[in-house]
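Asks: Below is the file run_19.pdb, with PDB, C-alpha atoms, pLDDT in the B column.
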ATOM      1  CA  MET S   1      -2.314  -9.782 -24.276  1.00 89.00           C
ATOM      2  CA  LYS S   2      -0.926  -9.819 -20.735  1.00 91.00           C
ATOM      3  CA  ASN S   3       0.667  -6.396 -21.323  1.00 96.00           C
ATOM      4  CA  MET S   4      -2.698  -5.015 -22.457  1.00 97.00           C
ATOM      5  CA  LYS S   5      -4.330  -6.336 -19.287  1.00 97.00           C
ATOM      6  CA  LEU S   6      -1.599  -4.703 -17.188  1.00 97.00           C
ATOM      7  CA  PHE S   7      -2.154  -1.458 -19.105  1.00 98.00           C
ATOM      8  CA  ILE S   8      -5.888  -1.595 -18.282  1.00 98.00           C
ATOM      9  CA  VAL S   9      -5.079  -2.182 -14.591  1.00 98.00           C
ATOM     10  CA  ILE S  10      -2.741   0.819 -14.571  1.00 97.00           C
ATOM     11  CA  VAL S  11      -5.231   3.083 -16.360  1.00 97.00           C
ATOM     12  CA  TRP S  12      -8.031   2.115 -13.954  1.00 96.00           C
ATOM     13  CA  ALA S  13      -5.757   2.590 -10.919  1.00 97.00           C
ATOM     14  CA  LEU S  14      -4.802   6.047 -12.249  1.00 92.00           C
ATOM     15  CA  PHE S  15      -8.486   6.847 -12.749  1.00 90.00           C
ATOM     16  CA  LEU S  16      -9.198   5.859  -9.137  1.00 92.00           C
ATOM     17  CA  GLY S  17      -6.131   7.795  -8.000  1.00 88.00           C
ATOM     18  CA  LEU S  18      -7.260  10.936  -9.793  1.00 84.00           C
ATOM     19  CA  HIS S  19     -10.582  10.785  -7.961  1.00 81.00           C
ATOM     20  CA  THR S  20      -8.822   9.923  -4.730  1.00 81.00           C
ATOM     21  CA  PHE S  21      -6.136  12.581  -4.652  1.00 78.00           C
ATOM     22  CA  THR S  22      -7.840  15.657  -6.093  1.00 79.00           C
ATOM     23  CA  ASP S  23      -8.416  18.001  -3.170  1.00 68.00           C
ATOM     24  CA  ASN S  24     -12.112  18.554  -3.887  1.00 68.00           C
ATOM     25  CA  LEU S  25     -14.088  15.647  -5.296  1.00 67.00           C
ATOM     26  CA  GLU S  26     -17.217  17.749  -5.778  1.00 70.00           C
ATOM     27  CA  ASN S  27     -15.278  20.198  -7.987  1.00 73.00           C
ATOM     28  CA  LEU S  28     -13.982  17.274 -10.026  1.00 72.00           C
ATOM     29  CA  LEU S  29     -17.435  15.745 -10.435  1.00 71.00           C
ATOM     30  CA  ASN S  30     -19.365  18.973 -10.993  1.00 75.00           C
ATOM     31  CA  HIS S  31     -16.845  21.228 -12.772  1.00 73.00           C
ATOM     32  CA  GLN S  32     -14.128  18.808 -13.976  1.00 77.00           C
ATOM     33  CA  SER S  33     -11.672  20.831 -11.881  1.00 75.00           C
ATOM     34  CA  ILE S  34      -8.578  18.994 -10.654  1.00 78.00           C
ATOM     35  CA  ASN S  35      -6.369  20.414  -7.949  1.00 76.00           C
ATOM     36  CA  PHE S  36      -3.826  18.705  -5.720  1.00 73.00           C
ATOM     37  CA  MET S  37      -2.681  19.961  -2.337  1.00 79.00           C
ATOM     38  CA  TRP S  38      -0.005  18.241  -0.213  1.00 82.00           C
ATOM     39  CA  HIS S  39      -0.159  18.181   3.611  1.00 82.00           C
ATOM     40  CA  SER S  40       3.127  16.892   5.005  1.00 89.00           C
ATOM     41  CA  SER S  41       1.807  16.142   8.489  1.00 90.00           C
ATOM     42  CA  PRO S  42      -1.804  14.949   8.395  1.00 90.00           C
ATOM     43  CA  SER S  43      -3.865  13.940  11.383  1.00 87.00           C
ATOM     44  CA  TYR S  44      -3.771  10.132  11.379  1.00 90.00           C
ATOM     45  CA  HIS S  45      -6.514   9.749  13.972  1.00 89.00           C
ATOM     46  CA  ASN S  46      -8.959  11.044  11.319  1.00 86.00           C
ATOM     47  CA  PHE S  47      -8.461   7.728   9.505  1.00 90.00           C
ATOM     48  CA  PHE S  48     -10.423   6.029  12.294  1.00 90.00           C
ATOM     49  CA  ASN S  49     -13.131   8.701  12.586  1.00 85.00           C
ATOM     50  CA  VAL S  50     -16.631   7.349  11.959  1.00 83.00           C
ATOM     51  CA  SER S  51     -18.718  10.172  13.386  1.00 81.00           C
ATOM     52  CA  ASP S  52     -18.733  11.993  10.037  1.00 76.00           C
ATOM     53  CA  ILE S  53     -19.712   9.006   7.926  1.00 72.00           C
ATOM     54  CA  THR S  54     -22.743  10.617   6.252  1.00 67.00           C
ATOM     55  CA  TRP S  55     -21.873  14.314   6.106  1.00 69.00           C
ATOM     56  CA  ILE S  56     -18.425  14.472   4.464  1.00 63.00           C
ATOM     57  CA  HIS S  57     -19.906  14.601   0.945  1.00 68.00           C
ATOM     58  CA  PRO S  58     -23.243  16.001  -0.215  1.00 70.00           C
ATOM     59  CA  ASN S  59     -23.398  13.046  -2.618  1.00 75.00           C
ATOM     60  CA  PHE S  60     -22.550  10.520   0.102  1.00 81.00           C
ATOM     61  CA  TYR S  61     -24.348   7.497  -1.368  1.00 85.00           C
ATOM     62  CA  LEU S  62     -23.037   8.120  -4.870  1.00 84.00           C
ATOM     63  CA  ILE S  63     -19.472   8.484  -3.572  1.00 84.00           C
ATOM     64  CA  LYS S  64     -19.669   5.294  -1.484  1.00 89.00           C
ATOM     65  CA  PHE S  65     -21.224   3.393  -4.396  1.00 93.00           C
ATOM     66  CA  GLY S  66     -18.272   4.638  -6.447  1.00 91.00           C
ATOM     67  CA  HIS S  67     -15.896   3.142  -3.866  1.00 93.00           C
ATOM     68  CA  PHE S  68     -17.732  -0.173  -4.001  1.00 96.00           C
ATOM     69  CA  ILE S  69     -17.874  -0.376  -7.801  1.00 97.00           C
ATOM     70  CA  GLY S  70     -14.482   1.220  -8.467  1.00 97.00           C
ATOM     71  CA  PHE S  71     -12.526  -1.220  -6.350  1.00 98.00           C
ATOM     72  CA  GLY S  72     -14.652  -4.126  -7.522  1.00 98.00           C
ATOM     73  CA  ILE S  73     -13.714  -3.251 -11.101  1.00 98.00           C
ATOM     74  CA  LEU S  74     -10.050  -2.892 -10.113  1.00 98.00           C
ATOM     75  CA  ASP S  75     -10.162  -6.352  -8.541  1.00 98.00           C
ATOM     76  CA  LEU S  76     -11.756  -7.771 -11.691  1.00 98.00           C
ATOM     77  CA  PHE S  77      -9.076  -6.211 -13.898  1.00 98.00           C
ATOM     78  CA  ILE S  78      -6.272  -7.441 -11.651  1.00 98.00           C
ATOM     79  CA  PHE S  79      -7.792 -10.934 -11.572  1.00 97.00           C
ATOM     80  CA  LEU S  80      -8.055 -11.000 -15.382  1.00 97.00           C
ATOM     81  CA  TRP S  81      -4.406  -9.893 -15.550  1.00 97.00           C
ATOM     82  CA  LEU S  82      -2.974 -12.309 -12.952  1.00 97.00           C
ATOM     83  CA  THR S  83      -5.665 -15.068 -12.966  1.00 95.00           C
ATOM     84  CA  SER S  84      -5.262 -15.482  -9.218  1.00 96.00           C
ATOM     85  CA  HIS S  85      -7.968 -14.592  -6.714  1.00 95.00           C
ATOM     86  CA  ARG S  86      -5.488 -14.446  -3.857  1.00 96.00           C
ATOM     87  CA  LYS S  87      -3.171 -12.022  -5.664  1.00 97.00           C
ATOM     88  CA  SER S  88      -5.961  -9.845  -7.010  1.00 97.00           C
ATOM     89  CA  ILE S  89      -7.617  -9.533  -3.599  1.00 98.00           C
ATOM     90  CA  LEU S  90      -4.300  -8.767  -1.896  1.00 98.00           C
ATOM     91  CA  LEU S  91      -3.272  -6.152  -4.467  1.00 98.00           C
ATOM     92  CA  THR S  92      -6.684  -4.484  -4.615  1.00 98.00           C
ATOM     93  CA  PHE S  93      -7.073  -4.385  -0.837  1.00 98.00           C
ATOM     94  CA  SER S  94      -3.533  -2.991  -0.491  1.00 98.00           C
ATOM     95  CA  PHE S  95      -4.353  -0.305  -3.044  1.00 98.00           C
ATOM     96  CA  ALA S  96      -7.545   0.556  -1.126  1.00 97.00           C
ATOM     97  CA  VAL S  97      -5.609   1.012   2.134  1.00 97.00           C
ATOM     98  CA  PHE S  98      -2.842   2.917   0.333  1.00 95.00           C
ATOM     99  CA  THR S  99      -5.254   5.360  -1.317  1.00 95.00           C
ATOM    100  CA  GLU S 100      -7.186   6.035   1.878  1.00 93.00           C
ATOM    101  CA  VAL S 101      -4.046   6.701   3.920  1.00 93.00           C
ATOM    102  CA  LEU S 102      -2.565   8.807   1.139  1.00 91.00           C
ATOM    103  CA  GLN S 103      -5.755  10.890   1.029  1.00 89.00           C
ATOM    104  CA  LEU S 104      -4.782  12.247   4.440  1.00 90.00           C
ATOM    105  CA  TYR S 105      -1.703  13.763   2.802  1.00 89.00           C
ATOM    106  CA  PHE S 106      -3.780  15.316   0.026  1.00 84.00           C
ATOM    107  CA  GLY S 107      -6.138  17.122   2.391  1.00 79.00           C
ATOM    108  CA  ARG S 108      -8.919  14.619   1.852  1.00 81.00           C
ATOM    109  CA  ASP S 109     -10.807  12.478   4.315  1.00 82.00           C
ATOM    110  CA  GLY S 110      -9.108   9.093   4.187  1.00 88.00           C
ATOM    111  CA  ARG S 111     -11.241   6.775   6.279  1.00 91.00           C
ATOM    112  CA  LEU S 112     -11.126   3.174   7.429  1.00 94.00           C
ATOM    113  CA  TYR S 113     -14.827   2.803   6.622  1.00 93.00           C
ATOM    114  CA  ASP S 114     -14.009   3.583   2.978  1.00 94.00           C
ATOM    115  CA  VAL S 115     -11.521   0.700   2.995  1.00 97.00           C
ATOM    116  CA  ILE S 116     -14.341  -1.483   4.304  1.00 96.00           C
ATOM    117  CA  ILE S 117     -16.669  -0.317   1.507  1.00 96.00           C
ATOM    118  CA  ASP S 118     -13.862  -0.926  -1.023  1.00 97.00           C
ATOM    119  CA  SER S 119     -13.436  -4.403   0.457  1.00 98.00           C
ATOM    120  CA  PHE S 120     -17.124  -5.181  -0.039  1.00 98.00           C
ATOM    121  CA  GLY S 121     -16.664  -4.397  -3.738  1.00 98.00           C
ATOM    122  CA  ILE S 122     -13.634  -6.691  -3.847  1.00 98.00           C
ATOM    123  CA  VAL S 123     -15.537  -9.514  -2.127  1.00 98.00           C
ATOM    124  CA  MET S 124     -18.503  -9.029  -4.466  1.00 98.00           C
ATOM    125  CA  VAL S 125     -16.259  -9.537  -7.518  1.00 97.00           C
ATOM    126  CA  TYR S 126     -14.584 -12.553  -5.908  1.00 97.00           C
ATOM    127  CA  GLN S 127     -17.973 -14.138  -5.201  1.00 97.00           C
ATOM    128  CA  MET S 128     -19.208 -13.317  -8.699  1.00 96.00           C
ATOM    129  CA  LEU S 129     -16.135 -14.864 -10.336  1.00 95.00           C
ATOM    130  CA  LYS S 130     -16.341 -17.910  -8.080  1.00 93.00           C
ATOM    131  CA  HIS S 131     -20.006 -18.379  -8.990  1.00 92.00           C
ATOM    132  CA  LEU S 132     -19.282 -17.965 -12.716  1.00 91.00           C
ATOM    133  CA  SER S 133     -16.448 -20.465 -12.474  1.00 87.00           C
ATOM    134  CA  LYS S 134     -18.735 -23.039 -10.827  1.00 84.00           C
ATOM    135  CA  SER S 135     -21.446 -22.379 -13.427  1.00 79.00           C
ATOM    136  CA  GLU S 136     -18.988 -22.907 -16.287  1.00 76.00           C
ATOM    137  CA  LYS S 137     -17.723 -26.156 -14.780  1.00 74.00           C
ATOM    138  CA  ALA S 138     -21.296 -27.388 -14.285  1.00 68.00           C
ATOM    139  CA  SER S 139     -22.253 -26.591 -17.886  1.00 67.00           C
ATOM    140  CA  ILE S 140     -19.349 -28.515 -19.440  1.00 59.00           C
ATOM    141  CA  PRO S 141     -20.723 -31.888 -20.568  1.00 60.00           C
ATOM    142  CA  TYR S 142     -18.820 -34.954 -19.453  1.00 52.00           C
ATOM    143  CA  GLU S 143     -17.512 -37.124 -22.241  1.00 48.00           C
TER     144      GLU S 143
END
Would you write out, as structure tokens, the structure that this file holds?
Replies:
Amino acid sequence: MKNMKLFIVIVWALFLGLHTFTDNLENLLNHQSINFMWHSSPSYHNFFNVSDITWIHPNFYLIKFGHFIGFGILDLFIFLWLTSHRKSILLTFSFAVFTEVLQLYFGRDGRLYDVIIDSFGIVMVYQMLKHLSKSEKASIPYE
């Protein structure tokens, strides 16, 4: 069962990676067109750019909601695999940073604010699991 959970984590991470590294997300979403382009010397200061926060994508809110949900789901899958909040949060956050930095090499707009949005998804899942855990403990009758 643990191998199946790891497989699900890998498949979901590949799914996120596909959406992260294709050079044109709109082409992927609208035309199912995948294309990768490597830039060996990206501009790292773009990672900290916030002036373009709402105009990078025509579907800005949908894309950012995808960040939030996508990394929340990844955190959930990693937690179910490892059964450790600390490890799942660390791995998911590391993957979020990794994918955003790597986007700079694929001609995409890797941004710190996307890591923050990803982190909100991670925290949401942590809080949800914590709440569910407390609810389950409260509903167990004492003998």
Asks: How many Å lie between atom CA of S:Ile53 and atom CA of S:Tyr113, rounded to one decimal?
Replies: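 Atom-to-atom, atom CA of S:Ile53 to atom CA of S:Tyr113, that is 8.0 Å.
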Asks: Any idea what the distance is between atom CA of S:Phe7 and atom CA of S:Thr20?
Replies: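 Taking atom CA of S:Phe7 and atom CA of S:Thr20, their separation equals 19.5 Å.
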Asks: Name the residues in contact with stretch 66-82 of chain S at a cut-off of 6 Å, using all atoms listed in the file, excluding same-chain residues fewer than 4 positions from it; report them as a compact mmCIF listing (two decimals) with C-alpha atoms, keeping the file's coordinate frame.
Replies:
# COMPACT_ATOMS: atom_id res chain seq x y z
CA LYS S 5 -4.33 -6.34 -19.29
CA VAL S 9 -5.08 -2.18 -14.59
CA SER S 88 -5.96 -9.85 -7.01
CA THR S 92 -6.68 -4.48 -4.62
CA ILE S 117 -16.67 -0.32 1.51
CA ASP S 118 -13.86 -0.93 -1.02
CA GLY S 121 -16.66 -4.40 -3.74
CA ILE S 122 -13.63 -6.69 -3.85
CA VAL S 125 -16.26 -9.54 -7.52
Asks: Within 10 Å of (-3.9, -0.7, -4.3) (coordinates as in the file), grab all the protein and nucleic acid residues, counting all atoms listed in the file, and write them out as a VMD selection string.
Replies: chain S and resid 13 16 to 17 71 74 to 75 88 to 100
Asks: What does the distance between atom CA of S:Phe106 and atom CA of S:Trp38 come to in Å, to one decimal place?
Replies: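 If I compute the distance from atom CA of S:Phe106 to atom CA of S:Trp38, I get 4.8 Å.
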Asks: Could you tell me which of S:His39, S:Leu6, S:Tyr44, S:His85 comes closest to S:Leu129 if we count all atoms listed in the file?
Replies: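 Closest to S:Leu129, using all atoms listed in the file: S:His85.
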Asks: Tell me which of S:Gln127, S:Asn59, S:Thr83, S:Ser133 sits closest to S:Asn30, counting all atoms listed in the file.
Replies: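 Counting all atoms listed in the file, the residue closest to S:Asn30 is S:Asn59.
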Asks: So which one's closest to S:Gln103, S:Ser119, S:Gln32, S:Asn27, S:Ser43? Using all atoms listed in the file, please.
Replies: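 With all atoms listed in the file as the atom set, the closest residue is S:Ser43.
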Asks: Missing atoms in stretch 5-25 of chain S: can you complete it with N, CA, C and O atoms, as a CSV table (one decimal), keeping the file's coordinate frame?
Replies:
chain,number,residue,atom,x,y,z
S,5,LYS,N,-3.6,-6.2,-20.5
S,5,LYS,CA,-4.3,-6.3,-19.3
S,5,LYS,C,-3.7,-5.5,-18.2
S,5,LYS,O,-4.3,-4.8,-17.4
S,6,LEU,N,-2.3,-5.5,-18.1
S,6,LEU,CA,-1.6,-4.7,-17.2
S,6,LEU,C,-1.9,-3.2,-17.5
S,6,LEU,O,-2.1,-2.4,-16.5
S,7,PHE,N,-1.9,-2.8,-18.7
S,7,PHE,CA,-2.2,-1.5,-19.1
S,7,PHE,C,-3.5,-1.0,-18.6
S,7,PHE,O,-3.7,0.1,-18.1
S,8,ILE,N,-4.5,-1.9,-18.8
S,8,ILE,CA,-5.9,-1.6,-18.3
S,8,ILE,C,-5.9,-1.4,-16.8
S,8,ILE,O,-6.6,-0.5,-16.2
S,9,VAL,N,-5.2,-2.3,-16.1
S,9,VAL,CA,-5.1,-2.2,-14.6
S,9,VAL,C,-4.5,-0.8,-14.2
S,9,VAL,O,-5.0,-0.1,-13.3
S,10,ILE,N,-3.4,-0.4,-14.9
S,10,ILE,CA,-2.7,0.8,-14.6
S,10,ILE,C,-3.7,2.0,-14.9
S,10,ILE,O,-3.8,2.9,-14.1
S,11,VAL,N,-4.3,2.0,-16.0
S,11,VAL,CA,-5.2,3.1,-16.4
S,11,VAL,C,-6.4,3.2,-15.3
S,11,VAL,O,-6.7,4.3,-14.9
S,12,TRP,N,-6.9,2.1,-14.9
S,12,TRP,CA,-8.0,2.1,-14.0
S,12,TRP,C,-7.5,2.6,-12.6
S,12,TRP,O,-8.2,3.4,-11.9
S,13,ALA,N,-6.3,2.1,-12.2
S,13,ALA,CA,-5.8,2.6,-10.9
S,13,ALA,C,-5.5,4.1,-11.0
S,13,ALA,O,-5.7,4.8,-10.0
S,14,LEU,N,-5.0,4.6,-12.1
S,14,LEU,CA,-4.8,6.0,-12.2
S,14,LEU,C,-6.1,6.8,-12.2
S,14,LEU,O,-6.2,7.9,-11.6
S,15,PHE,N,-7.2,6.2,-12.8
S,15,PHE,CA,-8.5,6.8,-12.7
S,15,PHE,C,-9.0,6.9,-11.3
S,15,PHE,O,-9.4,8.0,-10.9
S,16,LEU,N,-8.8,5.8,-10.6
S,16,LEU,CA,-9.2,5.9,-9.1
S,16,LEU,C,-8.3,6.9,-8.4
S,16,LEU,O,-8.8,7.6,-7.5
S,17,GLY,N,-7.0,6.9,-8.7
S,17,GLY,CA,-6.1,7.8,-8.0
S,17,GLY,C,-6.5,9.2,-8.3
S,17,GLY,O,-6.4,10.1,-7.3
S,18,LEU,N,-6.9,9.6,-9.5
S,18,LEU,CA,-7.3,10.9,-9.8
S,18,LEU,C,-8.4,11.4,-8.9
S,18,LEU,O,-8.4,12.4,-8.4
S,19,HIS,N,-9.4,10.5,-8.8
S,19,HIS,CA,-10.6,10.8,-8.0
S,19,HIS,C,-10.2,10.8,-6.5
S,19,HIS,O,-10.9,11.4,-5.7
S,20,THR,N,-9.2,10.0,-6.1
S,20,THR,CA,-8.8,9.9,-4.7
S,20,THR,C,-8.0,11.1,-4.3
S,20,THR,O,-8.2,11.6,-3.2
S,21,PHE,N,-7.1,11.6,-5.1
S,21,PHE,CA,-6.1,12.6,-4.7
S,21,PHE,C,-6.5,14.0,-5.0
S,21,PHE,O,-5.8,14.9,-4.5
S,22,THR,N,-7.5,14.3,-5.9
S,22,THR,CA,-7.8,15.7,-6.1
S,22,THR,C,-8.4,16.2,-4.8
S,22,THR,O,-9.0,15.5,-4.0
S,23,ASP,N,-8.1,17.5,-4.5
S,23,ASP,CA,-8.4,18.0,-3.2
S,23,ASP,C,-9.9,18.3,-3.0
S,23,ASP,O,-10.4,18.4,-1.9
S,24,ASN,N,-10.7,18.3,-4.0
S,24,ASN,CA,-12.1,18.6,-3.9
S,24,ASN,C,-12.9,17.7,-4.9
S,24,ASN,O,-13.0,18.0,-6.1
S,25,LEU,N,-13.4,16.6,-4.4
S,25,LEU,CA,-14.1,15.6,-5.3
S,25,LEU,C,-15.3,16.3,-5.9
S,25,LEU,O,-15.6,16.0,-7.1
